[in-house]
Amino acid sequence: MEVDMSFCNEIKKRFIRLSRGQRKVAQFVIDNPNIIATHIASDVGKLIGVSESTVIRFCYAMELSGFSELQERIKEDLIGAKNTDIGDHPLITKKQEPLFSNVMNRDITSILNTIQLVEENQFEQTVKWMHESNFIYVLGFRHSSPSASFLSNTLGNYRRHVKQIQHDVEDIVQQISGMDEQSLLFVLALDAVLEDVLTITKIARNKNVKIVAITNSGLSPIREYADIVFTVGAQKQASAETIIASHSLIHSLVEGMVAQNKRQYTTFQKSNAQIESNFLFLEKTKII
């Protein structure tokens, strides 16, 4: 039985803009608020006859951070309307979503949202720059540091001249002295942008360096200086929760670069691995 609740009214207003699969989810939410409030996303998908990812995409289309927020909204409306006692519903078996499932579903939502926001032409241009640039610099401090390290380390497995700019080094200017028009700068801005980050980006801009930014904010000041901006994560997510999405995007970009000349990058990767193996062997020999 349909329940007239505020969030269900929001769904009705957006119904026409939803995809066919999302409309199935929308109608189910309107007709079965108690099930939404007491079941996990995968179970809801099975009941509707759609994938769990479709349920999550519906949440995103409704500007929610994920299924957990959908449940919260529905529960609030049910309690406010006093239409039913969730715990006493005769047809519902209350099931608490496990912690790992809740966290991983948030990660899935973050990645799915990022897919929607990435423009293919910008992705292809970035991959081309990665392949053609003589030097690649990676900039990211604080919460952005893990993604910056992941990008620089992954790139380092496939090509030379990759440099991660360090914040704890006194002379930052010295680190970027070699930047020129043949360089590419990645700026990871997954939290409040530090003044140092903006200063370095401005310097790079003045040197005609190509700049690609990865941010979780539509209002990040880094957008003013970047040639290409990728937005990652889901709405209302903390910067730490967008790391998975940023890593997934980075993985995609590196795979795209490798695809430009797979033999070249595979050969370098094998050679690099052999050098590391020989180094470890020599170190063990010294110890013995």
# chains A, B, ... in the order shown; residues from 1 in each chain; ligands from 1
>>> residues_around(residues="segment 150-163 of chain A", least_positions_apart="3", cutoff="6 Å", atoms="only C-alpha atoms", output="list in words")
Phe135, Ile136, Tyr137, Ser147, Tyr265, Phe268 and Gln269 of chain A
>>> residues_around(residues="Phe230 of chain A", least_positions_apart="5", cutoff="12 Å", atoms="only C-alpha atoms", output="PyMOL selection string")
chain A and resi 113-123+126+186-190+211-218+220+222-223+245-246+249-250+253
>>> write_last_selection(atoms="N, CA, C and O atoms", output="compact mmCIF listing (two decimals), in the first residue's frame")
# COMPACT_ATOMS: atom_id res chain seq x y z
N ASN A 113 29.20 6.91 -9.00
CA ASN A 113 28.98 8.34 -9.18
C ASN A 113 30.10 8.95 -10.03
O ASN A 113 29.86 9.77 -10.91
N THR A 114 31.34 8.50 -9.77
CA THR A 114 32.48 9.01 -10.53
C THR A 114 32.36 8.67 -12.01
O THR A 114 32.67 9.49 -12.87
N ILE A 115 31.90 7.45 -12.31
CA ILE A 115 31.71 7.05 -13.71
C ILE A 115 30.79 8.01 -14.42
O ILE A 115 31.02 8.39 -15.58
N GLN A 116 29.74 8.44 -13.74
CA GLN A 116 28.78 9.36 -14.33
C GLN A 116 29.40 10.74 -14.61
O GLN A 116 28.97 11.44 -15.53
N LEU A 117 30.40 11.10 -13.83
CA LEU A 117 30.96 12.44 -13.92
C LEU A 117 32.15 12.57 -14.88
O LEU A 117 32.50 13.67 -15.28
N VAL A 118 32.76 11.44 -15.22
CA VAL A 118 33.94 11.48 -16.10
C VAL A 118 33.51 11.69 -17.55
O VAL A 118 32.66 10.97 -18.07
N GLU A 119 34.11 12.69 -18.20
CA GLU A 119 33.85 12.94 -19.62
C GLU A 119 34.89 12.20 -20.45
O GLU A 119 36.10 12.34 -20.22
N GLU A 120 34.42 11.43 -21.42
CA GLU A 120 35.31 10.56 -22.18
C GLU A 120 36.41 11.33 -22.92
O GLU A 120 37.56 10.90 -22.96
N ASN A 121 36.06 12.49 -23.48
CA ASN A 121 37.07 13.25 -24.23
C ASN A 121 38.18 13.77 -23.31
O ASN A 121 39.36 13.81 -23.68
N GLN A 122 37.82 14.14 -22.07
CA GLN A 122 38.83 14.57 -21.11
C GLN A 122 39.70 13.40 -20.66
O GLN A 122 40.91 13.55 -20.47
N PHE A 123 39.09 12.25 -20.50
CA PHE A 123 39.83 11.05 -20.12
C PHE A 123 40.85 10.72 -21.21
O PHE A 123 42.03 10.47 -20.93
N THR A 126 43.75 13.23 -21.29
CA THR A 126 44.67 13.02 -20.17
C THR A 126 45.59 11.84 -20.42
O THR A 126 46.80 11.91 -20.19
N PHE A 186 49.80 16.41 -12.16
CA PHE A 186 48.56 15.92 -11.56
C PHE A 186 48.42 16.58 -10.19
O PHE A 186 49.33 16.51 -9.36
N VAL A 187 47.27 17.21 -9.94
CA VAL A 187 47.01 17.81 -8.63
C VAL A 187 45.86 17.04 -7.98
O VAL A 187 44.74 17.02 -8.50
N LEU A 188 46.14 16.38 -6.87
CA LEU A 188 45.12 15.67 -6.10
C LEU A 188 44.59 16.61 -5.03
O LEU A 188 45.33 17.01 -4.13
N ALA A 189 43.33 17.00 -5.16
CA ALA A 189 42.73 17.97 -4.23
C ALA A 189 41.46 17.37 -3.64
O ALA A 189 40.35 17.71 -4.02
N LEU A 190 41.65 16.44 -2.70
CA LEU A 190 40.52 15.71 -2.11
C LEU A 190 40.14 16.26 -0.74
O LEU A 190 39.42 15.61 0.00
N ILE A 211 48.01 20.71 -16.80
CA ILE A 211 47.58 20.43 -15.43
C ILE A 211 46.27 19.66 -15.42
O ILE A 211 45.28 20.08 -16.03
N VAL A 212 46.28 18.53 -14.72
CA VAL A 212 45.07 17.72 -14.54
C VAL A 212 44.78 17.63 -13.05
O VAL A 212 45.66 17.24 -12.26
N ALA A 213 43.58 18.02 -12.64
CA ALA A 213 43.21 17.98 -11.23
C ALA A 213 42.19 16.88 -10.98
O ALA A 213 41.31 16.63 -11.80
N ILE A 214 42.32 16.23 -9.82
CA ILE A 214 41.33 15.27 -9.36
C ILE A 214 40.83 15.77 -8.02
O ILE A 214 41.60 15.90 -7.06
N THR A 215 39.55 16.09 -7.96
CA THR A 215 38.99 16.70 -6.75
C THR A 215 37.64 16.08 -6.41
O THR A 215 37.01 15.43 -7.25
N ASN A 216 37.21 16.28 -5.18
CA ASN A 216 35.89 15.78 -4.78
C ASN A 216 34.91 16.94 -4.58
O ASN A 216 33.83 16.75 -4.03
N SER A 217 35.30 18.12 -5.03
CA SER A 217 34.47 19.29 -4.81
C SER A 217 34.21 20.05 -6.11
O SER A 217 35.13 20.32 -6.88
N GLY A 218 32.95 20.41 -6.31
CA GLY A 218 32.60 21.21 -7.47
C GLY A 218 33.02 22.66 -7.32
O GLY A 218 32.96 23.43 -8.28
N SER A 220 36.08 23.54 -5.74
CA SER A 220 37.51 23.61 -5.42
C SER A 220 38.19 24.73 -6.21
O SER A 220 38.01 24.84 -7.43
N ILE A 222 41.08 24.89 -7.18
CA ILE A 222 42.05 24.33 -8.13
C ILE A 222 41.49 24.33 -9.55
O ILE A 222 42.24 24.31 -10.54
N ARG A 223 40.17 24.36 -9.68
CA ARG A 223 39.53 24.34 -10.99
C ARG A 223 39.93 25.54 -11.85
O ARG A 223 39.93 25.45 -13.08
N ALA A 245 37.35 5.92 -4.85
CA ALA A 245 36.95 6.37 -6.19
C ALA A 245 38.12 7.00 -6.92
O ALA A 245 38.30 6.78 -8.13
N SER A 246 38.94 7.78 -6.21
CA SER A 246 40.09 8.41 -6.86
C SER A 246 41.09 7.35 -7.31
O SER A 246 41.67 7.45 -8.40
N LEU A 249 39.77 5.72 -10.48
CA LEU A 249 39.99 6.59 -11.63
C LEU A 249 41.46 6.58 -12.05
O LEU A 249 41.78 6.49 -13.24
N ILE A 250 42.36 6.66 -11.06
CA ILE A 250 43.79 6.62 -11.34
C ILE A 250 44.17 5.32 -12.05
O ILE A 250 44.92 5.31 -13.03
N LEU A 253 43.15 5.57 -15.61
CA LEU A 253 44.03 6.46 -16.38
C LEU A 253 45.35 5.77 -16.73
O LEU A 253 45.85 5.88 -17.86
>>> residues_around(residues="segment 58-68 of chain A", least_positions_apart="5", cutoff="9 Å", atoms="only C-alpha atoms", output="MDAnalysis selection string")
chainID A and resid 10:11 14 17:19 21:23 25:26 40:41 53 73 102 105:106 108:110 112:113 234:237
>>> closest_residue(among="A:Ser271, A:Ser144, A:Ser42, A:Thr242", to="His167 of chain A", atoms="only C-alpha atoms")
A:Ser144
>>> select_by_dssp(residues="segment 24-207 of chain A", states="strand (DSSP E or B)", output="ChimeraX atom specification")
/A:135-139,162-164,183-189
>>> residues_around(residues="Gln175 of chain A", least_positions_apart="5", cutoff="12 Å", atoms="only C-alpha atoms", output="PDB file with C-alpha atoms, in the first residue's frame")
ATOM      1  CA  TYR A 137      54.714  15.530 -11.493  1.00  0.00           C
ATOM      2  CA  VAL A 138      52.241  14.478  -8.814  1.00  0.00           C
ATOM      3  CA  LEU A 139      51.043  16.912  -6.147  1.00  0.00           C
ATOM      4  CA  VAL A 162      57.704  10.495 -12.430  1.00  0.00           C
ATOM      5  CA  LYS A 163      58.126  12.762  -9.413  1.00  0.00           C
ATOM      6  CA  GLN A 164      55.891  13.148  -6.365  1.00  0.00           C
ATOM      7  CA  ILE A 165      56.280  16.603  -4.837  1.00  0.00           C
ATOM      8  CA  GLN A 166      56.997  16.368  -1.115  1.00  0.00           C
ATOM      9  CA  HIS A 167      55.569  18.858   1.360  1.00  0.00           C
ATOM     10  CA  ASP A 168      58.113  18.235   4.112  1.00  0.00           C
ATOM     11  CA  VAL A 169      61.044  19.298   1.932  1.00  0.00           C
ATOM     12  CA  GLU A 170      62.059  22.901   2.618  1.00  0.00           C
ATOM     13  CA  ILE A 200      52.746  25.337  -6.991  1.00  0.00           C
ATOM     14  CA  ILE A 203      53.840  28.352 -10.975  1.00  0.00           C
ATOM     15  CA  ALA A 204      53.214  25.333 -13.194  1.00  0.00           C
TER      16      ALA A 204
END
>>> atom_distance(atom1="atom CA of Glu224 of chain A", atom2="atom CA of Met179 of chain A")
19.5 Å
>>> closest_residue(among="A:Lys46, A:His247, A:Lys202, A:His131", to="Ser145 of chain A", atoms="only C-alpha atoms")
A:His247
>>> atom_distance(atom1="atom CA of Ile36 of chain A", atom2="atom CA of Gln71 of chain A")
6.2 Å
